[in-house]
Each structure stands twice: as C-alpha cells, then as structure tokens.
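Structure data follow from entry36.cif (mmCIF, N, CA and C atoms):
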```cif
data_run
#
loop_
_atom_site.label_atom_id
_atom_site.label_comp_id
_atom_site.auth_asym_id
_atom_site.auth_seq_id
_atom_site.Cartn_x
_atom_site.Cartn_y
_atom_site.Cartn_z
N MET A 10 200.62 -98.59 142.31
CA MET A 10 200.71 -97.75 143.51
C MET A 10 201.01 -98.65 144.71
N THR A 11 201.91 -98.21 145.56
CA THR A 11 202.30 -98.97 146.74
C THR A 11 201.34 -98.68 147.88
N SER A 12 200.92 -99.72 148.54
CA SER A 12 200.02 -99.56 149.68
C SER A 12 200.83 -99.10 150.90
N MET A 13 200.14 -98.47 151.83
CA MET A 13 200.79 -97.98 153.04
C MET A 13 199.99 -98.49 154.24
N PRO A 14 200.64 -99.18 155.16
CA PRO A 14 199.90 -99.67 156.33
C PRO A 14 199.32 -98.51 157.14
N VAL A 15 198.15 -98.74 157.72
CA VAL A 15 197.49 -97.71 158.52
C VAL A 15 198.41 -97.22 159.64
N SER A 16 199.17 -98.13 160.22
CA SER A 16 200.06 -97.76 161.33
C SER A 16 201.11 -96.73 160.93
N GLU A 17 201.40 -96.60 159.65
CA GLU A 17 202.39 -95.64 159.17
C GLU A 17 201.76 -94.33 158.68
N ARG A 18 200.46 -94.25 158.69
CA ARG A 18 199.77 -93.07 158.17
C ARG A 18 199.61 -92.01 159.26
N LEU A 19 200.32 -90.91 159.10
CA LEU A 19 200.24 -89.83 160.08
C LEU A 19 198.83 -89.25 160.16
N GLY A 20 198.13 -89.23 159.02
CA GLY A 20 196.78 -88.68 159.00
C GLY A 20 195.86 -89.37 160.00
N SER A 21 196.02 -90.67 160.19
CA SER A 21 195.19 -91.41 161.14
C SER A 21 195.43 -90.93 162.58
N SER A 22 196.69 -90.70 162.91
CA SER A 22 197.02 -90.22 164.26
C SER A 22 196.53 -88.80 164.49
N ILE A 23 196.71 -87.96 163.47
CA ILE A 23 196.24 -86.57 163.59
C ILE A 23 194.72 -86.55 163.74
N LYS A 24 194.02 -87.35 162.93
CA LYS A 24 192.56 -87.41 162.99
C LYS A 24 192.10 -87.92 164.35
N ARG A 25 192.77 -88.93 164.88
CA ARG A 25 192.40 -89.49 166.19
C ARG A 25 192.56 -88.43 167.29
N ALA A 26 193.63 -87.66 167.24
CA ALA A 26 193.85 -86.60 168.24
C ALA A 26 192.77 -85.53 168.10
N GLU A 27 192.43 -85.17 166.86
CA GLU A 27 191.38 -84.17 166.64
C GLU A 27 190.03 -84.67 167.17
N GLN A 28 189.72 -85.93 166.90
CA GLN A 28 188.46 -86.49 167.38
C GLN A 28 188.42 -86.52 168.90
N ALA A 29 189.52 -86.88 169.53
CA ALA A 29 189.57 -86.91 170.99
C ALA A 29 189.40 -85.50 171.57
N LEU A 30 190.05 -84.52 170.95
CA LEU A 30 189.92 -83.14 171.41
C LEU A 30 188.48 -82.66 171.25
N ASN A 31 187.87 -82.92 170.09
CA ASN A 31 186.48 -82.51 169.88
C ASN A 31 185.54 -83.22 170.85
N GLY A 32 185.80 -84.49 171.12
CA GLY A 32 184.97 -85.23 172.07
C GLY A 32 185.07 -84.65 173.48
N ALA A 33 186.29 -84.32 173.89
CA ALA A 33 186.49 -83.73 175.22
C ALA A 33 185.83 -82.36 175.31
N LYS A 34 185.97 -81.55 174.25
CA LYS A 34 185.35 -80.23 174.27
C LYS A 34 183.82 -80.34 174.20
N HIS A 35 183.33 -81.29 173.43
CA HIS A 35 181.87 -81.49 173.35
C HIS A 35 181.32 -81.79 174.75
N ALA A 36 181.97 -82.70 175.44
CA ALA A 36 181.52 -83.07 176.80
C ALA A 36 181.63 -81.88 177.75
N ALA A 37 182.70 -81.10 177.63
CA ALA A 37 182.90 -79.95 178.50
C ALA A 37 181.88 -78.84 178.23
N LEU A 38 181.49 -78.68 176.96
CA LEU A 38 180.58 -77.59 176.58
C LEU A 38 179.11 -77.94 176.73
N LYS A 39 178.79 -79.21 176.82
CA LYS A 39 177.39 -79.63 176.89
C LYS A 39 176.63 -78.95 178.03
N PRO A 40 177.21 -78.87 179.25
CA PRO A 40 176.49 -78.18 180.34
C PRO A 40 176.26 -76.69 180.06
N ALA A 41 177.09 -76.10 179.20
CA ALA A 41 176.91 -74.69 178.84
C ALA A 41 175.87 -74.53 177.73
N GLY A 42 175.39 -75.66 177.19
CA GLY A 42 174.36 -75.61 176.17
C GLY A 42 174.85 -75.25 174.78
N LEU A 43 176.14 -75.51 174.52
CA LEU A 43 176.71 -75.17 173.22
C LEU A 43 177.37 -76.38 172.58
N THR A 44 177.36 -76.39 171.25
CA THR A 44 178.16 -77.36 170.50
C THR A 44 179.55 -76.74 170.30
N VAL A 45 180.50 -77.55 169.86
CA VAL A 45 181.84 -77.05 169.61
C VAL A 45 181.82 -75.95 168.53
N PRO A 46 181.11 -76.14 167.40
CA PRO A 46 181.07 -75.05 166.41
C PRO A 46 180.39 -73.78 166.94
N GLN A 47 179.35 -73.91 167.75
CA GLN A 47 178.70 -72.73 168.34
C GLN A 47 179.66 -72.00 169.26
N TYR A 48 180.36 -72.75 170.08
CA TYR A 48 181.34 -72.15 170.98
C TYR A 48 182.42 -71.42 170.19
N ALA A 49 182.95 -72.07 169.15
CA ALA A 49 184.00 -71.45 168.34
C ALA A 49 183.50 -70.15 167.72
N ALA A 50 182.26 -70.16 167.22
CA ALA A 50 181.70 -68.94 166.62
C ALA A 50 181.58 -67.83 167.66
N LEU A 51 181.15 -68.16 168.87
CA LEU A 51 181.05 -67.15 169.92
C LEU A 51 182.43 -66.64 170.31
N LEU A 52 183.39 -67.55 170.43
CA LEU A 52 184.74 -67.17 170.83
C LEU A 52 185.36 -66.20 169.82
N TYR A 53 185.32 -66.57 168.53
CA TYR A 53 185.89 -65.69 167.51
C TYR A 53 185.11 -64.38 167.41
N SER A 54 183.80 -64.43 167.59
CA SER A 54 182.99 -63.20 167.55
C SER A 54 183.33 -62.28 168.71
N SER A 55 183.67 -62.87 169.85
CA SER A 55 184.03 -62.04 171.01
C SER A 55 185.37 -61.35 170.79
N GLU A 56 186.28 -62.04 170.09
CA GLU A 56 187.60 -61.47 169.82
C GLU A 56 187.58 -60.49 168.67
N ARG A 57 186.64 -60.65 167.75
CA ARG A 57 186.57 -59.79 166.56
C ARG A 57 185.14 -59.31 166.34
N PRO A 58 184.65 -58.41 167.18
CA PRO A 58 183.27 -57.93 167.02
C PRO A 58 183.05 -57.38 165.61
N GLY A 59 181.93 -57.77 165.00
CA GLY A 59 181.62 -57.32 163.65
C GLY A 59 182.11 -58.28 162.58
N ILE A 60 182.68 -59.40 162.96
CA ILE A 60 183.20 -60.38 162.01
C ILE A 60 182.06 -60.89 161.11
N SER A 61 182.38 -61.16 159.86
CA SER A 61 181.39 -61.66 158.92
C SER A 61 181.25 -63.18 159.05
N ALA A 62 180.16 -63.71 158.52
CA ALA A 62 179.94 -65.16 158.55
C ALA A 62 181.03 -65.88 157.76
N ALA A 63 181.45 -65.30 156.64
CA ALA A 63 182.49 -65.94 155.83
C ALA A 63 183.82 -66.02 156.60
N ALA A 64 184.18 -64.93 157.27
CA ALA A 64 185.42 -64.93 158.06
C ALA A 64 185.31 -65.89 159.24
N LEU A 65 184.13 -65.97 159.85
CA LEU A 65 183.93 -66.92 160.94
C LEU A 65 184.06 -68.36 160.45
N ALA A 66 183.49 -68.64 159.29
CA ALA A 66 183.59 -69.99 158.74
C ALA A 66 185.05 -70.38 158.54
N ARG A 67 185.84 -69.46 157.98
CA ARG A 67 187.27 -69.74 157.78
C ARG A 67 187.97 -69.96 159.11
N ALA A 68 187.71 -69.09 160.08
CA ALA A 68 188.37 -69.18 161.39
C ALA A 68 188.02 -70.48 162.11
N CYS A 69 186.77 -70.92 161.95
CA CYS A 69 186.29 -72.11 162.67
C CYS A 69 186.51 -73.40 161.88
N GLY A 70 186.95 -73.28 160.63
CA GLY A 70 187.21 -74.47 159.83
C GLY A 70 185.96 -75.21 159.40
N VAL A 71 184.89 -74.47 159.12
CA VAL A 71 183.66 -75.08 158.63
C VAL A 71 183.26 -74.39 157.32
N THR A 72 182.31 -74.99 156.63
CA THR A 72 181.84 -74.40 155.38
C THR A 72 180.93 -73.21 155.68
N PRO A 73 180.82 -72.27 154.72
CA PRO A 73 179.90 -71.15 154.93
C PRO A 73 178.45 -71.58 155.22
N PRO A 74 177.90 -72.58 154.51
CA PRO A 74 176.53 -72.99 154.86
C PRO A 74 176.41 -73.51 156.30
N THR A 75 177.43 -74.25 156.75
CA THR A 75 177.42 -74.74 158.13
C THR A 75 177.45 -73.57 159.10
N MET A 76 178.31 -72.58 158.83
CA MET A 76 178.40 -71.42 159.71
C MET A 76 177.08 -70.65 159.72
N ASN A 77 176.43 -70.52 158.57
CA ASN A 77 175.14 -69.83 158.55
C ASN A 77 174.12 -70.52 159.44
N THR A 78 174.13 -71.86 159.46
CA THR A 78 173.23 -72.61 160.34
C THR A 78 173.58 -72.36 161.80
N VAL A 79 174.88 -72.39 162.12
CA VAL A 79 175.34 -72.13 163.49
C VAL A 79 174.89 -70.74 163.92
N LEU A 80 175.10 -69.74 163.07
CA LEU A 80 174.75 -68.36 163.41
C LEU A 80 173.24 -68.19 163.56
N LYS A 81 172.48 -68.85 162.71
CA LYS A 81 171.02 -68.78 162.80
C LYS A 81 170.56 -69.31 164.17
N ASN A 82 171.12 -70.43 164.58
CA ASN A 82 170.76 -71.01 165.88
C ASN A 82 171.17 -70.10 167.04
N LEU A 83 172.35 -69.51 166.96
CA LEU A 83 172.81 -68.61 168.02
C LEU A 83 171.95 -67.34 168.06
N GLN A 84 171.55 -66.86 166.88
CA GLN A 84 170.71 -65.67 166.83
C GLN A 84 169.32 -65.96 167.40
N GLU A 85 168.76 -67.12 167.08
CA GLU A 85 167.45 -67.50 167.60
C GLU A 85 167.46 -67.61 169.12
N ARG A 86 168.62 -67.97 169.68
CA ARG A 86 168.75 -68.08 171.14
C ARG A 86 169.08 -66.74 171.79
N GLY A 87 169.25 -65.69 170.97
CA GLY A 87 169.54 -64.37 171.51
C GLY A 87 170.97 -64.19 171.97
N LEU A 88 171.89 -65.03 171.46
CA LEU A 88 173.28 -64.97 171.90
C LEU A 88 174.13 -64.05 171.01
N ILE A 89 173.66 -63.83 169.79
CA ILE A 89 174.35 -62.91 168.88
C ILE A 89 173.32 -62.02 168.20
N GLU A 90 173.83 -60.91 167.65
CA GLU A 90 173.01 -60.10 166.77
C GLU A 90 173.80 -59.89 165.50
N ARG A 91 173.07 -59.83 164.39
CA ARG A 91 173.71 -59.64 163.08
C ARG A 91 173.09 -58.41 162.45
N THR A 92 173.95 -57.47 162.11
CA THR A 92 173.48 -56.22 161.53
C THR A 92 174.25 -55.93 160.24
N PRO A 93 173.62 -55.22 159.30
CA PRO A 93 174.31 -54.90 158.05
C PRO A 93 175.55 -54.04 158.30
N HIS A 94 176.60 -54.34 157.55
CA HIS A 94 177.84 -53.56 157.59
C HIS A 94 177.53 -52.13 157.13
N GLU A 95 178.24 -51.18 157.70
CA GLU A 95 178.00 -49.77 157.40
C GLU A 95 178.11 -49.45 155.90
N TRP A 96 179.11 -50.05 155.22
CA TRP A 96 179.31 -49.75 153.80
C TRP A 96 178.85 -50.88 152.90
N HIS A 97 178.99 -52.12 153.35
CA HIS A 97 178.63 -53.29 152.54
C HIS A 97 177.33 -53.86 153.08
N LYS A 98 176.23 -53.36 152.59
CA LYS A 98 174.92 -53.71 153.16
C LYS A 98 174.58 -55.19 153.03
N ASN A 99 175.21 -55.91 152.08
CA ASN A 99 174.91 -57.34 151.95
C ASN A 99 175.77 -58.19 152.89
N VAL A 100 176.69 -57.57 153.64
CA VAL A 100 177.51 -58.27 154.62
C VAL A 100 176.93 -58.01 156.01
N LEU A 101 176.65 -59.09 156.74
CA LEU A 101 176.14 -58.94 158.09
C LEU A 101 177.29 -59.07 159.09
N GLU A 102 177.35 -58.12 160.00
CA GLU A 102 178.35 -58.17 161.07
C GLU A 102 177.76 -58.92 162.26
N THR A 103 178.60 -59.74 162.89
CA THR A 103 178.17 -60.55 164.02
C THR A 103 178.75 -60.00 165.31
N ARG A 104 177.88 -59.80 166.29
CA ARG A 104 178.31 -59.34 167.62
C ARG A 104 177.58 -60.13 168.69
N LEU A 105 178.26 -60.37 169.80
CA LEU A 105 177.63 -61.05 170.92
C LEU A 105 176.67 -60.10 171.64
N THR A 106 175.56 -60.67 172.10
CA THR A 106 174.68 -59.92 173.00
C THR A 106 175.25 -60.08 174.41
N ASP A 107 174.68 -59.38 175.38
CA ASP A 107 175.14 -59.54 176.76
C ASP A 107 174.97 -61.00 177.20
N GLU A 108 173.84 -61.60 176.83
CA GLU A 108 173.60 -63.01 177.19
C GLU A 108 174.62 -63.90 176.48
N GLY A 109 174.90 -63.59 175.22
CA GLY A 109 175.88 -64.36 174.46
C GLY A 109 177.26 -64.30 175.09
N ARG A 110 177.64 -63.11 175.59
CA ARG A 110 178.93 -62.96 176.25
C ARG A 110 178.97 -63.81 177.52
N ALA A 111 177.89 -63.81 178.28
CA ALA A 111 177.85 -64.61 179.52
C ALA A 111 177.94 -66.10 179.21
N VAL A 112 177.21 -66.55 178.20
CA VAL A 112 177.25 -67.97 177.81
C VAL A 112 178.65 -68.33 177.29
N MET A 113 179.24 -67.45 176.48
CA MET A 113 180.57 -67.70 175.94
C MET A 113 181.60 -67.77 177.06
N GLU A 114 181.52 -66.88 178.03
CA GLU A 114 182.49 -66.90 179.13
C GLU A 114 182.38 -68.18 179.95
N ASN A 115 181.14 -68.64 180.20
CA ASN A 115 180.93 -69.90 180.91
C ASN A 115 181.52 -71.06 180.10
N ALA A 116 181.21 -71.09 178.81
CA ALA A 116 181.70 -72.16 177.94
C ALA A 116 183.22 -72.10 177.81
N ASP A 117 183.77 -70.90 177.72
CA ASP A 117 185.21 -70.76 177.56
C ASP A 117 185.95 -71.28 178.78
N ALA A 118 185.42 -71.03 179.96
CA ALA A 118 186.05 -71.55 181.18
C ALA A 118 186.11 -73.08 181.13
N ARG A 119 185.05 -73.68 180.60
CA ARG A 119 185.01 -75.14 180.46
C ARG A 119 186.00 -75.64 179.42
N ALA A 120 186.06 -74.95 178.27
CA ALA A 120 186.97 -75.34 177.20
C ALA A 120 188.43 -75.13 177.61
N VAL A 121 188.69 -74.08 178.35
CA VAL A 121 190.05 -73.80 178.80
C VAL A 121 190.55 -74.91 179.72
N ARG A 122 189.67 -75.50 180.51
CA ARG A 122 190.08 -76.63 181.37
C ARG A 122 190.60 -77.79 180.51
N VAL A 123 189.92 -78.05 179.39
CA VAL A 123 190.37 -79.10 178.47
C VAL A 123 191.73 -78.73 177.89
N GLU A 124 191.85 -77.48 177.42
CA GLU A 124 193.11 -77.03 176.82
C GLU A 124 194.26 -77.08 177.84
N ARG A 125 193.99 -76.67 179.07
CA ARG A 125 195.05 -76.69 180.10
C ARG A 125 195.48 -78.11 180.43
N ALA A 126 194.50 -79.03 180.50
CA ALA A 126 194.83 -80.43 180.78
C ALA A 126 195.70 -80.99 179.65
N LEU A 127 195.37 -80.65 178.43
CA LEU A 127 196.16 -81.10 177.28
C LEU A 127 197.56 -80.51 177.34
N ALA A 128 197.65 -79.21 177.58
CA ALA A 128 198.96 -78.56 177.64
C ALA A 128 199.82 -79.13 178.76
N ALA A 129 199.20 -79.48 179.89
CA ALA A 129 199.94 -79.99 181.04
C ALA A 129 200.56 -81.36 180.78
N GLU A 130 200.09 -82.03 179.74
CA GLU A 130 200.61 -83.35 179.40
C GLU A 130 202.02 -83.26 178.79
N PHE A 131 202.43 -82.04 178.40
CA PHE A 131 203.69 -81.84 177.71
C PHE A 131 204.55 -80.82 178.45
N THR A 132 205.86 -80.95 178.29
CA THR A 132 206.76 -79.91 178.79
C THR A 132 206.64 -78.71 177.85
N ASP A 133 207.17 -77.57 178.29
CA ASP A 133 207.16 -76.38 177.43
C ASP A 133 207.83 -76.67 176.09
N GLU A 134 208.96 -77.37 176.15
CA GLU A 134 209.70 -77.69 174.93
C GLU A 134 208.88 -78.63 174.03
N GLU A 135 208.25 -79.62 174.63
CA GLU A 135 207.43 -80.55 173.83
C GLU A 135 206.25 -79.82 173.18
N ARG A 136 205.62 -78.92 173.93
CA ARG A 136 204.50 -78.14 173.36
C ARG A 136 204.96 -77.32 172.18
N ALA A 137 206.10 -76.64 172.34
CA ALA A 137 206.62 -75.83 171.24
C ALA A 137 206.94 -76.71 170.03
N THR A 138 207.52 -77.87 170.27
CA THR A 138 207.83 -78.80 169.18
C THR A 138 206.56 -79.28 168.51
N LEU A 139 205.55 -79.65 169.30
CA LEU A 139 204.28 -80.14 168.75
C LEU A 139 203.61 -79.06 167.90
N VAL A 140 203.56 -77.85 168.40
CA VAL A 140 202.95 -76.74 167.65
C VAL A 140 203.70 -76.54 166.33
N GLY A 141 205.01 -76.58 166.38
CA GLY A 141 205.80 -76.43 165.16
C GLY A 141 205.57 -77.56 164.17
N LEU A 142 205.52 -78.78 164.68
CA LEU A 142 205.29 -79.93 163.79
C LEU A 142 203.91 -79.87 163.16
N LEU A 143 202.91 -79.51 163.94
CA LEU A 143 201.56 -79.41 163.38
C LEU A 143 201.46 -78.29 162.35
N ALA A 144 202.15 -77.19 162.60
CA ALA A 144 202.18 -76.09 161.63
C ALA A 144 202.83 -76.55 160.33
N ARG A 145 203.89 -77.34 160.43
CA ARG A 145 204.52 -77.88 159.22
C ARG A 145 203.58 -78.81 158.49
N CYS A 146 202.84 -79.63 159.23
CA CYS A 146 201.85 -80.52 158.60
C CYS A 146 200.83 -79.69 157.82
N ALA A 147 200.28 -78.67 158.46
CA ALA A 147 199.26 -77.84 157.83
C ALA A 147 199.81 -77.14 156.59
N ALA A 148 201.02 -76.60 156.69
CA ALA A 148 201.61 -75.89 155.56
C ALA A 148 201.83 -76.84 154.38
N LEU A 149 202.37 -78.01 154.66
CA LEU A 149 202.61 -78.97 153.58
C LEU A 149 201.30 -79.39 152.95
N LEU A 150 200.32 -79.73 153.76
CA LEU A 150 199.04 -80.20 153.23
C LEU A 150 198.32 -79.11 152.44
N ASP A 151 198.43 -77.86 152.90
CA ASP A 151 197.85 -76.74 152.14
C ASP A 151 198.54 -76.61 150.79
N SER A 152 199.85 -76.85 150.74
CA SER A 152 200.61 -76.64 149.51
C SER A 152 200.37 -77.74 148.47
N VAL A 153 199.99 -78.93 148.90
CA VAL A 153 199.79 -80.03 147.95
C VAL A 153 198.31 -80.27 147.63
N ARG A 154 197.43 -79.49 148.22
CA ARG A 154 196.00 -79.67 147.97
C ARG A 154 195.68 -79.25 146.54
N PRO A 155 194.99 -80.12 145.81
CA PRO A 155 194.59 -79.73 144.45
C PRO A 155 193.59 -78.57 144.50
N ASP A 156 193.64 -77.70 143.49
CA ASP A 156 192.71 -76.57 143.45
C ASP A 156 191.35 -77.00 143.15
#
```

Structure translated into structure tokens:
Amino acid sequence: MTSMPVSERLGSSIKRAEQALNGAKHAALKPAGLTVPQYAALLYSSERPGISAAALARACGVTPPTMNTVLKNLQERGLIERTPHEWHKNVLETRLTDEGRAVMENADARAVRVERALAAEFTDEERATLVGLLARCAALLDSVRPD
C-alpha cells in the first residue's frame, strides 16, 4: 500500500474546518447555556415540531444514544417536552416549550453570527462552489462506506 502525506489528505482539511466551526459555535453558544448538540436539537425541533429522537439524531449527525442524552438534559431543563405519538405509542415526539423557544432563539442569533461571518469570507460564487464541492465529498464518501 502506498503512503499518502498528510498535506495531501483532504480529510485532514475537512476535519480542521469542522473543528474550527464547532469551536466557534461552542464559544458563541456558551453564554446561551447550550452545547452545539443541544442547540442543534432545539433548532431542528423548532423547524419540525413532533420530530422523533431517531430523526433528530440523523439530522444532527450524532448516534441515537447521544441524542437521547441530549434530549434528557434538555427535558430536565424544561426546554423541551416529549409526548407519545398519537399512533405509535413507543415513539416520543419532541416539541420546544416556551422557555425552550426563547433559549433557542437567543442561541440561534449567536450561531447565525458565526455562520454570517463564515459566509462573508467568500463571494457568492465561491460559496456556491464550496457547497457543491462539499456535497460531492459527502456523496462520494457515503457511496464508498462499507456496510
């Protein structure tokens, strides 16, 4: 097998950008009292009221056990409520409480500042190119992942 220098590995650059983004969002969300996964769970729950823990885990890119821990913490803080689905009693639907919506809106304003600063670093054309390139990366990596 041929070795590949780290400098040629795209994965290292992608990982570094992801770590920098998470670090910036972590710092931005800290005053709102949320972690990045908690914020993501609140954000997706606000957009899709009644979303299940499994769907939230997929949307947030975490494992179901991790999402269950995140949801447990948010529920203990009174930021979400989880109720049985009307037809599927073993599925719990997640909805924000009024307090959860207020916390999410505060956190979202902070996260949006990070996203806007990142977007402002690129021209419209560069952003479109970057989004397209990252989508190609994700599609290729999904297609070659062993089952």

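Restricting the calculation to only C-alpha atoms, the smallest distance between Ala147 in chain A and any of A:Val100, A:Val15, A:Ile23, A:Asn31 is found for A:Ile23.
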
Hits from the PyMOL selection byres (((chain A and resi 136-144 and name CA) around 12) and name CA), listed as a VMD selection string: chain A and resid 19 to 20 22 to 23 26 to 27 124 to 125 127 to 135 145 to 151

Among chain A, which residues carry a DSSP assignment of helix (DSSP H, G or I), reported as a VMD selection string? chain A and resid 15 to 17 19 to 41 45 to 56 62 to 69 73 to 85 107 to 129 133 to 153

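Distances here use only C-alpha atoms; by that measure, the residue among A:Arg154, A:Ala49, A:Gly87, A:Ala126 closest to Arg67 in chain A is A:Ala49.
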
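Distances here use only N, CA and C atoms; by that measure, the residue among A:Pro74, A:Asn82, A:Ala63, A:Cys69 closest to Leu101 in chain A is A:Ala63.
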
What residues come out when you apply the PyMOL selection byres (((chain A and resi 76 and name CA) around 12) and name CA) to this file, written as a VMD selection string? chain A and resid 45 to 51 61 to 75 77 to 84 103

Suppose we keep N, CA and C atoms; can you now write the selection as a PDB file, in the frame of the given file?
```pdb
ATOM      1  N   VAL A  45     180.500 -77.550 169.860  1.00  0.00           N
ATOM      2  CA  VAL A  45     181.840 -77.050 169.610  1.00  0.00           C
ATOM      3  C   VAL A  45     181.820 -75.950 168.530  1.00  0.00           C
ATOM      4  N   PRO A  46     181.110 -76.140 167.400  1.00  0.00           N
ATOM      5  CA  PRO A  46     181.070 -75.050 166.410  1.00  0.00           C
ATOM      6  C   PRO A  46     180.390 -73.780 166.940  1.00  0.00           C
ATOM      7  N   GLN A  47     179.350 -73.910 167.750  1.00  0.00           N
ATOM      8  CA  GLN A  47     178.700 -72.730 168.340  1.00  0.00           C
ATOM      9  C   GLN A  47     179.660 -72.000 169.260  1.00  0.00           C
ATOM     10  N   TYR A  48     180.360 -72.750 170.080  1.00  0.00           N
ATOM     11  CA  TYR A  48     181.340 -72.150 170.980  1.00  0.00           C
ATOM     12  C   TYR A  48     182.420 -71.420 170.190  1.00  0.00           C
ATOM     13  N   ALA A  49     182.950 -72.070 169.150  1.00  0.00           N
ATOM     14  CA  ALA A  49     184.000 -71.450 168.340  1.00  0.00           C
ATOM     15  C   ALA A  49     183.500 -70.150 167.720  1.00  0.00           C
ATOM     16  N   ALA A  50     182.260 -70.160 167.220  1.00  0.00           N
ATOM     17  CA  ALA A  50     181.700 -68.940 166.620  1.00  0.00           C
ATOM     18  C   ALA A  50     181.580 -67.830 167.660  1.00  0.00           C
ATOM     19  N   LEU A  51     181.150 -68.160 168.870  1.00  0.00           N
ATOM     20  CA  LEU A  51     181.050 -67.150 169.920  1.00  0.00           C
ATOM     21  C   LEU A  51     182.430 -66.640 170.310  1.00  0.00           C
ATOM     22  N   SER A  61     182.380 -61.160 159.860  1.00  0.00           N
ATOM     23  CA  SER A  61     181.390 -61.660 158.920  1.00  0.00           C
ATOM     24  C   SER A  61     181.250 -63.180 159.050  1.00  0.00           C
ATOM     25  N   ALA A  62     180.160 -63.710 158.520  1.00  0.00           N
ATOM     26  CA  ALA A  62     179.940 -65.160 158.550  1.00  0.00           C
ATOM     27  C   ALA A  62     181.030 -65.880 157.760  1.00  0.00           C
ATOM     28  N   ALA A  63     181.450 -65.300 156.640  1.00  0.00           N
ATOM     29  CA  ALA A  63     182.490 -65.940 155.830  1.00  0.00           C
ATOM     30  C   ALA A  63     183.820 -66.020 156.600  1.00  0.00           C
ATOM     31  N   ALA A  64     184.180 -64.930 157.270  1.00  0.00           N
ATOM     32  CA  ALA A  64     185.420 -64.930 158.060  1.00  0.00           C
ATOM     33  C   ALA A  64     185.310 -65.890 159.240  1.00  0.00           C
ATOM     34  N   LEU A  65     184.130 -65.970 159.850  1.00  0.00           N
ATOM     35  CA  LEU A  65     183.930 -66.920 160.940  1.00  0.00           C
ATOM     36  C   LEU A  65     184.060 -68.360 160.450  1.00  0.00           C
ATOM     37  N   ALA A  66     183.490 -68.640 159.290  1.00  0.00           N
ATOM     38  CA  ALA A  66     183.590 -69.990 158.740  1.00  0.00           C
ATOM     39  C   ALA A  66     185.050 -70.380 158.540  1.00  0.00           C
ATOM     40  N   ARG A  67     185.840 -69.460 157.980  1.00  0.00           N
ATOM     41  CA  ARG A  67     187.270 -69.740 157.780  1.00  0.00           C
ATOM     42  C   ARG A  67     187.970 -69.960 159.110  1.00  0.00           C
ATOM     43  N   ALA A  68     187.710 -69.090 160.080  1.00  0.00           N
ATOM     44  CA  ALA A  68     188.370 -69.180 161.390  1.00  0.00           C
ATOM     45  C   ALA A  68     188.020 -70.480 162.110  1.00  0.00           C
ATOM     46  N   CYS A  69     186.770 -70.920 161.950  1.00  0.00           N
ATOM     47  CA  CYS A  69     186.290 -72.110 162.670  1.00  0.00           C
ATOM     48  C   CYS A  69     186.510 -73.400 161.880  1.00  0.00           C
ATOM     49  N   GLY A  70     186.950 -73.280 160.630  1.00  0.00           N
ATOM     50  CA  GLY A  70     187.210 -74.470 159.830  1.00  0.00           C
ATOM     51  C   GLY A  70     185.960 -75.210 159.400  1.00  0.00           C
ATOM     52  N   VAL A  71     184.890 -74.470 159.120  1.00  0.00           N
ATOM     53  CA  VAL A  71     183.660 -75.080 158.630  1.00  0.00           C
ATOM     54  C   VAL A  71     183.260 -74.390 157.320  1.00  0.00           C
ATOM     55  N   THR A  72     182.310 -74.990 156.630  1.00  0.00           N
ATOM     56  CA  THR A  72     181.840 -74.400 155.380  1.00  0.00           C
ATOM     57  C   THR A  72     180.930 -73.210 155.680  1.00  0.00           C
ATOM     58  N   PRO A  73     180.820 -72.270 154.720  1.00  0.00           N
ATOM     59  CA  PRO A  73     179.900 -71.150 154.930  1.00  0.00           C
ATOM     60  C   PRO A  73     178.450 -71.580 155.220  1.00  0.00           C
ATOM     61  N   PRO A  74     177.900 -72.580 154.510  1.00  0.00           N
ATOM     62  CA  PRO A  74     176.530 -72.990 154.860  1.00  0.00           C
ATOM     63  C   PRO A  74     176.410 -73.510 156.300  1.00  0.00           C
ATOM     64  N   THR A  75     177.430 -74.250 156.750  1.00  0.00           N
ATOM     65  CA  THR A  75     177.420 -74.740 158.130  1.00  0.00           C
ATOM     66  C   THR A  75     177.450 -73.570 159.100  1.00  0.00           C
ATOM     67  N   ASN A  77     176.430 -70.520 158.570  1.00  0.00           N
ATOM     68  CA  ASN A  77     175.140 -69.830 158.550  1.00  0.00           C
ATOM     69  C   ASN A  77     174.120 -70.520 159.440  1.00  0.00           C
ATOM     70  N   THR A  78     174.130 -71.860 159.460  1.00  0.00           N
ATOM     71  CA  THR A  78     173.230 -72.610 160.340  1.00  0.00           C
ATOM     72  C   THR A  78     173.580 -72.360 161.800  1.00  0.00           C
ATOM     73  N   VAL A  79     174.880 -72.390 162.120  1.00  0.00           N
ATOM     74  CA  VAL A  79     175.340 -72.130 163.490  1.00  0.00           C
ATOM     75  C   VAL A  79     174.890 -70.740 163.920  1.00  0.00           C
ATOM     76  N   LEU A  80     175.100 -69.740 163.070  1.00  0.00           N
ATOM     77  CA  LEU A  80     174.750 -68.360 163.410  1.00  0.00           C
ATOM     78  C   LEU A  80     173.240 -68.190 163.560  1.00  0.00           C
ATOM     79  N   LYS A  81     172.480 -68.850 162.710  1.00  0.00           N
ATOM     80  CA  LYS A  81     171.020 -68.780 162.800  1.00  0.00           C
ATOM     81  C   LYS A  81     170.560 -69.310 164.170  1.00  0.00           C
ATOM     82  N   ASN A  82     171.120 -70.430 164.580  1.00  0.00           N
ATOM     83  CA  ASN A  82     170.760 -71.010 165.880  1.00  0.00           C
ATOM     84  C   ASN A  82     171.170 -70.100 167.040  1.00  0.00           C
ATOM     85  N   LEU A  83     172.350 -69.510 166.960  1.00  0.00           N
ATOM     86  CA  LEU A  83     172.810 -68.610 168.020  1.00  0.00           C
ATOM     87  C   LEU A  83     171.950 -67.340 168.060  1.00  0.00           C
ATOM     88  N   GLN A  84     171.550 -66.860 166.880  1.00  0.00           N
ATOM     89  CA  GLN A  84     170.710 -65.670 166.830  1.00  0.00           C
ATOM     90  C   GLN A  84     169.320 -65.960 167.400  1.00  0.00           C
ATOM     91  N   THR A 103     178.600 -59.740 162.890  1.00  0.00           N
ATOM     92  CA  THR A 103     178.170 -60.550 164.020  1.00  0.00           C
ATOM     93  C   THR A 103     178.750 -60.000 165.310  1.00  0.00           C
TER      94      THR A 103
END
```

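Interatomic distance, CA of Gly109 in chain A against atom C of Ile89 in chain A: 7.2 Å.
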
Nearest residue to Ala37 in chain A from the set A:Pro93, A:Arg119, A:Pro155, A:Arg57 (distances using all atoms listed in the file): A:Arg119

Can you tell me how far atom C of Ala111 in chain A sits from atom N of Ala33 in chain A, in Å to one decimal? 20.7 Å

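Interatomic distance, CA of Ala116 in chain A to CA of Ala41 in chain A: 5.5 Å.
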